[in-house]
Amino acid sequence: MKTALITGGAGFLGSHLCDRLIKEGMRVIAMDNLITGDLKNIEHLMPLEQFEFYHHDVSKYIHIPGQLDYVLHFASPASPIDYLKIPIPTLKVGSLGTHNCLGLSLAKGARMLIASTSEVYGDPMVHPQNEDYWGNVNPIGPRGVYDEAKRFQEAMTMAYHTFHGVETRIVRIFNTYGPRMRLNDGRALPAFIGQALRGEDITVFGDGSQTRSFCYVDDLVEGIYRLLLSDYVNPVNIGNPDEISILDFAKEIIELTGTDQKIVFKPLPKDDPKQRQPDITRAKEILGWEPQVSRKDGLRKTYEYFKSLPEEDLYKYAHPRTFK
Ligand code: UDP
């Protein structure tokens, strides 16, 4: 039986990966400091013999006894309002946390997959973004703490591959959504659905002409699993190329939820990327992967999830629980 360590295992993507690797017959260790993760996301796995949870901050030295075959580094605040609130832990988990995971992978002979991001492309000058584009990132802007940590993470990962021969995989994740997103994490989709459920106006930033391309979580997990098992070392974009303006997206959420609230326009946050769409040619060619879930179906499933949450979750404080 193969053993995988998933950092950020109690988070949105991490917990879905735990589910998938358990389903694939692996033993899974989820590690999380629970700053933005939530044990609720993995409580159904806790009774399983092949599942373990380590409450630990991956930016500090990691000790795992025994054999380890895969390390998937998914720990990080991932929402702009999170990394504005906790900029230094965001920088540390992408840099020191990655270094610790790479050192662990080297020591164990494990294969390491890192969660990189479309944010390495910054506010892109190339559209759609392919993996050969180097990006347009403001290192000292509000998003710099996340973007630069992730860029450093890629550089460190390639260095461990070329210098130490560690088997590494790099996935560049584009906007992803689905059950277990935090309702109040500040991102567009949970923000709009939360507002609709609370009977508040829908806040579109700027004039809403900026675009994003939203991928349903099951599609993303499938792409990551295929990449993990592949022998491909360079970065691979995983995302859904179905691009939409944020204004049209807000209108879709209004239709989905049936809310009679109106759209209100708020200032556009600094360095907010104007457009984003993955070029997934590489993923198609190398992994035989492309998304299967339409936005209509994905949004419906996600809305059902948010509606099923206890009402008090709608009013929970938006920011991470502890600041270190
Ligand atoms: N956005 C918005 N209203 C909100 C939250 C976000 O208009 O209440 C916009 C945000 O400015 C950005 C887009 O939606 O242009 C996606 O934002 P999100 O935080 O979801 O992800 P990211 O900017 O990291 O892609």
# chains A, B, ... in the order shown; residues from 1 in each chain; ligands from 1
>>> residues_near_ligand(ligand="ligand 1", cutoff="9 Å", atoms="only C-alpha atoms and all ligand atoms", output="PyMOL selection string")
chain A and resi 78-81+118-119+143+174-176+185-192+195+202-213+245-247+249-250+265-270+272-276
>>> residues_around(residues="segment 302-305 of chain A", least_positions_apart="3", cutoff="7 Å", atoms="only C-alpha atoms", output="list of chain:residue names")
A:Gly178, A:Pro179, A:Gly298, A:Leu299, A:Ser308, A:Leu309
>>> residues_around(residues="segment 20-25 of chain A", least_positions_apart="5", cutoff="9 Å", atoms="only C-alpha atoms", output="JSON, numbers by chain")
{"A": [1, 2, 4, 15, 45, 50, 51, 221, 222, 225]}
>>> select_by_dssp(residues="segment 51-211 of chain A", states="helix (DSSP H, G or I)", output="PyMOL selection string")
chain A and resi 80-85+87-108+118-121+144-164+188-198
>>> atom_distance(atom1="atom CA of Lys251 of chain A", atom2="atom CA of Pro278 of chain A")
22.6 Å
>>> atom_distance(atom1="atom CA of Asp231 of chain A", atom2="atom CA of Ala107 of chain A")
20.1 Å
>>> closest_residue(among="A:His127, A:His99, A:Arg198, A:His56", to="Met156 of chain A", atoms="only C-alpha atoms")
A:His99
>>> residues_around(residues="Tyr232 of chain A", least_positions_apart="3", cutoff="9 Å", atoms="only C-alpha atoms", output="tab-separated table (two decimals) with C-alpha atoms, in the first residue's frame")
chain	number	residue	atom	x	y	z
A	168	THR	CA	8.71	16.37	-8.78
A	169	ARG	CA	5.44	17.45	-10.39
A	170	ILE	CA	4.10	21.02	-10.67
A	227	LEU	CA	-0.22	14.35	-13.21
A	228	LEU	CA	0.90	12.66	-10.00
A	229	LEU	CA	1.10	9.31	-11.76
A	235	PRO	CA	4.50	22.74	-14.95
A	236	VAL	CA	1.04	21.77	-16.20
A	286	ILE	CA	0.33	14.71	-21.73
>>> closest_residue(among="A:Ile42, A:Ala155, A:Val126, A:Leu17", to="Gly94 of chain A", atoms="only C-alpha atoms")
A:Ala155
>>> select_by_dssp(residues="segment 76-322 of chain A", states="strand (DSSP E or B)", output="ChimeraX atom specification")
/A:111-117,122,129,136,168-173,176-177,202-205,211-213,215-216,236-238,243-245,263-266,278
>>> write_last_selection(atoms="C-alpha atoms", output="mmCIF file, in the first residue's frame")
data_model
loop_
_atom_site.group_PDB
_atom_site.id
_atom_site.type_symbol
_atom_site.label_atom_id
_atom_site.label_comp_id
_atom_site.auth_asym_id
_atom_site.auth_seq_id
_atom_site.Cartn_x
_atom_site.Cartn_y
_atom_site.Cartn_z
ATOM 1 C CA ARG A 111 7.585 11.835 -5.325
ATOM 2 C CA MET A 112 6.502 15.397 -4.603
ATOM 3 C CA LEU A 113 3.701 17.317 -6.283
ATOM 4 C CA ILE A 114 3.315 21.008 -5.557
ATOM 5 C CA ALA A 115 0.192 23.128 -5.852
ATOM 6 C CA SER A 116 1.265 26.071 -7.903
ATOM 7 C CA THR A 117 -1.169 28.565 -9.335
ATOM 8 C CA GLY A 122 0.084 37.673 -12.390
ATOM 9 C CA GLN A 129 -1.977 31.651 -20.457
ATOM 10 C CA ASN A 136 3.578 39.725 -14.957
ATOM 11 C CA THR A 168 8.712 16.373 -8.781
ATOM 12 C CA ARG A 169 5.441 17.453 -10.386
ATOM 13 C CA ILE A 170 4.096 21.016 -10.666
ATOM 14 C CA VAL A 171 0.408 21.753 -11.200
ATOM 15 C CA ARG A 172 -0.644 25.346 -11.923
ATOM 16 C CA ILE A 173 -4.180 25.532 -10.604
ATOM 17 C CA THR A 176 -11.474 26.174 -8.759
ATOM 18 C CA TYR A 177 -14.790 25.880 -6.937
ATOM 19 C CA ILE A 202 -24.134 41.130 -4.788
ATOM 20 C CA THR A 203 -20.790 42.976 -4.727
ATOM 21 C CA VAL A 204 -19.028 43.126 -8.076
ATOM 22 C CA PHE A 205 -15.585 44.711 -7.906
ATOM 23 C CA THR A 211 -12.612 37.597 -16.481
ATOM 24 C CA ARG A 212 -11.985 34.283 -14.758
ATOM 25 C CA SER A 213 -12.381 30.656 -15.855
ATOM 26 C CA CYS A 215 -13.074 24.714 -12.830
ATOM 27 C CA TYR A 216 -15.171 22.280 -10.805
ATOM 28 C CA VAL A 236 1.036 21.765 -16.199
ATOM 29 C CA ASN A 237 -1.983 24.096 -16.176
ATOM 30 C CA ILE A 238 -5.134 22.507 -14.827
ATOM 31 C CA GLU A 243 -14.011 32.070 -19.503
ATOM 32 C CA ILE A 244 -16.627 34.492 -18.160
ATOM 33 C CA SER A 245 -16.669 38.105 -16.994
ATOM 34 C CA ILE A 263 -25.668 43.985 -8.148
ATOM 35 C CA VAL A 264 -23.672 46.802 -6.520
ATOM 36 C CA PHE A 265 -20.249 47.882 -7.779
ATOM 37 C CA LYS A 266 -17.293 48.245 -5.373
ATOM 38 C CA PRO A 278 -5.861 28.494 -18.962
#
>>> closest_residue(among="A:Asn33, A:Ser105, A:Ser59, A:Gln67", to="Lys92 of chain A", atoms="only C-alpha atoms")
A:Ser59
>>> closest_residue(among="A:Glu49, A:Ala75, A:Asp19, A:Gly66", to="Leu34 of chain A", atoms="only C-alpha atoms")
A:Ala75
>>> atom_distance(atom1="atom CA of Thr7 of chain A", atom2="atom CA of Asn184 of chain A")
21.9 Å
>>> residues_around(residues="Gly37 of chain A", least_positions_apart="2", cutoff="10 Å", atoms="only C-alpha atoms", output="list in words")
Gly8, Gly9, Ala10, Gly11, Phe12, Leu13, Gly14, Ser15, Met31, Asp32, Asn33, Leu34, Ile35, Leu39, Lys40, Asn41, Ile42, Ala75, Ser76, Pro77, Arg180, Met181, Arg182, Pro320 and Arg321 of chain A
>>> write_last_selection(atoms="N, CA and C atoms", output="mmCIF file, in the first residue's frame")
data_model
loop_
_atom_site.group_PDB
_atom_site.id
_atom_site.type_symbol
_atom_site.label_atom_id
_atom_site.label_comp_id
_atom_site.auth_asym_id
_atom_site.auth_seq_id
_atom_site.Cartn_x
_atom_site.Cartn_y
_atom_site.Cartn_z
ATOM 1 N N GLY A 8 -2.035 20.699 4.010
ATOM 2 C CA GLY A 8 -3.287 21.413 3.754
ATOM 3 C C GLY A 8 -4.431 20.432 3.577
ATOM 4 N N GLY A 9 -4.288 19.259 4.183
ATOM 5 C CA GLY A 9 -5.240 18.156 3.972
ATOM 6 C C GLY A 9 -6.635 18.427 4.504
ATOM 7 N N ALA A 10 -6.779 19.426 5.392
ATOM 8 C CA ALA A 10 -8.122 19.754 5.894
ATOM 9 C C ALA A 10 -8.733 20.934 5.137
ATOM 10 N N GLY A 11 -8.035 21.387 4.100
ATOM 11 C CA GLY A 11 -8.549 22.509 3.318
ATOM 12 C C GLY A 11 -9.475 22.054 2.206
ATOM 13 N N PHE A 12 -9.860 23.010 1.396
ATOM 14 C CA PHE A 12 -10.797 22.741 0.292
ATOM 15 C C PHE A 12 -10.213 21.696 -0.682
ATOM 16 N N LEU A 13 -9.121 22.026 -1.321
ATOM 17 C CA LEU A 13 -8.557 21.076 -2.289
ATOM 18 C C LEU A 13 -7.916 19.879 -1.599
ATOM 19 N N GLY A 14 -7.192 20.139 -0.510
ATOM 20 C CA GLY A 14 -6.496 19.064 0.207
ATOM 21 C C GLY A 14 -7.448 17.954 0.625
ATOM 22 N N SER A 15 -8.616 18.329 1.131
ATOM 23 C CA SER A 15 -9.544 17.298 1.625
ATOM 24 C C SER A 15 -10.114 16.482 0.457
ATOM 25 N N MET A 31 -1.957 16.678 6.769
ATOM 26 C CA MET A 31 -1.309 17.592 7.722
ATOM 27 C C MET A 31 -1.902 18.977 7.523
ATOM 28 N N ASP A 32 -2.212 19.649 8.632
ATOM 29 C CA ASP A 32 -2.823 20.980 8.520
ATOM 30 C C ASP A 32 -2.643 21.716 9.842
ATOM 31 N N ASN A 33 -2.396 23.034 9.772
ATOM 32 C CA ASN A 33 -2.360 23.805 11.021
ATOM 33 C C ASN A 33 -3.724 24.426 11.334
ATOM 34 N N LEU A 34 -4.695 24.186 10.464
ATOM 35 C CA LEU A 34 -6.090 24.597 10.658
ATOM 36 C C LEU A 34 -6.278 26.112 10.735
ATOM 37 N N ILE A 35 -5.381 26.858 10.130
ATOM 38 C CA ILE A 35 -5.602 28.322 10.076
ATOM 39 C C ILE A 35 -6.734 28.628 9.096
ATOM 40 N N LEU A 39 -11.472 20.860 10.212
ATOM 41 C CA LEU A 39 -11.575 19.410 10.432
ATOM 42 C C LEU A 39 -12.882 18.821 9.891
ATOM 43 N N LYS A 40 -13.889 19.656 9.774
ATOM 44 C CA LYS A 40 -15.171 19.176 9.233
ATOM 45 C C LYS A 40 -14.994 18.571 7.839
ATOM 46 N N ASN A 41 -14.014 19.098 7.098
ATOM 47 C CA ASN A 41 -13.800 18.618 5.722
ATOM 48 C C ASN A 41 -13.277 17.188 5.668
ATOM 49 N N ILE A 42 -12.727 16.722 6.798
ATOM 50 C CA ILE A 42 -12.156 15.359 6.775
ATOM 51 C C ILE A 42 -12.732 14.473 7.880
ATOM 52 N N ALA A 75 -0.756 23.001 1.313
ATOM 53 C CA ALA A 75 -1.006 23.943 2.410
ATOM 54 C C ALA A 75 -0.715 25.355 1.928
ATOM 55 N N SER A 76 -1.665 26.237 2.086
ATOM 56 C CA SER A 76 -1.468 27.681 1.860
ATOM 57 C C SER A 76 -2.815 28.383 1.964
ATOM 58 N N PRO A 77 -2.810 29.575 2.574
ATOM 59 C CA PRO A 77 -3.992 30.416 2.369
ATOM 60 C C PRO A 77 -4.120 30.626 0.859
ATOM 61 N N ARG A 180 -17.067 22.503 0.076
ATOM 62 C CA ARG A 180 -15.994 22.678 1.062
ATOM 63 C C ARG A 180 -15.200 23.961 0.878
ATOM 64 N N MET A 181 -15.545 24.773 -0.116
ATOM 65 C CA MET A 181 -14.974 26.132 -0.085
ATOM 66 C C MET A 181 -15.530 26.799 1.154
ATOM 67 N N ARG A 182 -14.756 27.688 1.738
ATOM 68 C CA ARG A 182 -15.275 28.436 2.894
ATOM 69 C C ARG A 182 -16.245 29.504 2.397
ATOM 70 N N PRO A 320 -9.238 34.212 8.717
ATOM 71 C CA PRO A 320 -8.647 33.025 9.335
ATOM 72 C C PRO A 320 -8.637 33.121 10.852
ATOM 73 N N ARG A 321 -8.649 31.955 11.485
ATOM 74 C CA ARG A 321 -8.849 31.904 12.927
ATOM 75 C C ARG A 321 -7.679 32.408 13.755
#
>>> closest_residue(among="A:Ile193, A:Met125, A:Leu72, A:Ile64", to="Arg300 of chain A", atoms="only C-alpha atoms")
A:Ile193
>>> closest_residue(among="A:Tyr146, A:Ala159, A:Gly258, A:Glu200", to="Lys85 of chain A", atoms="only C-alpha atoms")
A:Tyr146
>>> decode(residues="segment 228-309 of chain A", atoms="C-alpha atoms", output="short mmCIF file (atom, residue, chain, number, x, y, z; two decimals), in the first residue's frame")
data_model
loop_
_atom_site.label_atom_id
_atom_site.label_comp_id
_atom_site.auth_asym_id
_atom_site.auth_seq_id
_atom_site.Cartn_x
_atom_site.Cartn_y
_atom_site.Cartn_z
CA LEU A 228 0.90 12.66 -10.00
CA LEU A 229 1.10 9.31 -11.76
CA SER A 230 2.68 10.72 -14.93
CA ASP A 231 6.39 11.16 -15.55
CA TYR A 232 6.11 14.82 -16.58
CA VAL A 233 8.31 17.29 -14.68
CA ASN A 234 7.52 20.73 -16.14
CA PRO A 235 4.50 22.74 -14.95
CA VAL A 236 1.04 21.77 -16.20
CA ASN A 237 -1.98 24.10 -16.18
CA ILE A 238 -5.13 22.51 -14.83
CA GLY A 239 -8.27 24.58 -15.17
CA ASN A 240 -11.42 25.02 -17.19
CA PRO A 241 -10.97 27.31 -20.23
CA ASP A 242 -14.65 28.35 -20.14
CA GLU A 243 -14.01 32.07 -19.50
CA ILE A 244 -16.63 34.49 -18.16
CA SER A 245 -16.67 38.10 -16.99
CA ILE A 246 -17.29 38.58 -13.29
CA LEU A 247 -20.40 40.64 -14.06
CA ASP A 248 -21.90 37.81 -16.11
CA PHE A 249 -20.84 35.37 -13.41
CA ALA A 250 -22.72 37.43 -10.80
CA LYS A 251 -25.78 37.33 -13.05
CA GLU A 252 -25.51 33.54 -13.30
CA ILE A 253 -25.44 33.30 -9.50
CA ILE A 254 -28.49 35.55 -9.25
CA GLU A 255 -30.32 33.26 -11.66
CA LEU A 256 -29.15 30.11 -9.87
CA THR A 257 -30.17 31.29 -6.41
CA GLY A 258 -33.30 33.13 -7.50
CA THR A 259 -32.35 36.05 -5.24
CA ASP A 260 -34.07 39.37 -5.89
CA GLN A 261 -31.04 41.30 -4.67
CA LYS A 262 -29.27 43.67 -7.03
CA ILE A 263 -25.67 43.98 -8.15
CA VAL A 264 -23.67 46.80 -6.52
CA PHE A 265 -20.25 47.88 -7.78
CA LYS A 266 -17.29 48.25 -5.37
CA PRO A 267 -13.71 49.39 -6.02
CA LEU A 268 -11.48 46.93 -7.85
CA PRO A 269 -8.76 45.60 -5.50
CA LYS A 270 -5.19 46.56 -6.40
CA ASP A 271 -3.46 44.33 -8.97
CA ASP A 272 -6.64 42.35 -9.62
CA PRO A 273 -5.85 40.41 -12.84
CA LYS A 274 -7.92 41.68 -15.79
CA GLN A 275 -8.25 38.36 -17.54
CA ARG A 276 -7.48 34.75 -16.88
CA GLN A 277 -7.98 31.64 -18.98
CA PRO A 278 -5.86 28.49 -18.96
CA ASP A 279 -4.37 27.12 -22.13
CA ILE A 280 -4.77 23.40 -21.39
CA THR A 281 -3.12 22.03 -24.54
CA ARG A 282 -0.34 20.49 -22.46
CA ALA A 283 -2.72 18.76 -20.03
CA LYS A 284 -4.69 17.37 -22.96
CA GLU A 285 -1.59 16.05 -24.71
CA ILE A 286 0.33 14.71 -21.73
CA LEU A 287 -2.43 13.61 -19.38
CA GLY A 288 -5.31 13.08 -21.80
CA TRP A 289 -7.23 15.36 -19.47
CA GLU A 290 -9.89 17.97 -20.01
CA PRO A 291 -12.71 19.19 -17.79
CA GLN A 292 -16.01 17.30 -17.91
CA VAL A 293 -18.29 19.30 -15.60
CA SER A 294 -20.10 22.32 -17.04
CA ARG A 295 -20.33 25.47 -14.97
CA LYS A 296 -24.11 25.02 -14.80
CA ASP A 297 -23.82 21.57 -13.19
CA GLY A 298 -20.87 22.52 -10.98
CA LEU A 299 -22.58 25.64 -9.68
CA ARG A 300 -25.74 23.71 -8.88
CA LYS A 301 -23.79 21.13 -6.81
CA THR A 302 -21.89 23.90 -5.04
CA TYR A 303 -25.07 25.82 -4.26
CA GLU A 304 -26.65 22.65 -2.80
CA TYR A 305 -23.61 22.31 -0.53
CA PHE A 306 -23.74 25.91 0.69
CA LYS A 307 -27.49 25.60 1.32
CA SER A 308 -26.91 22.48 3.41
CA LEU A 309 -24.60 24.29 5.87
#
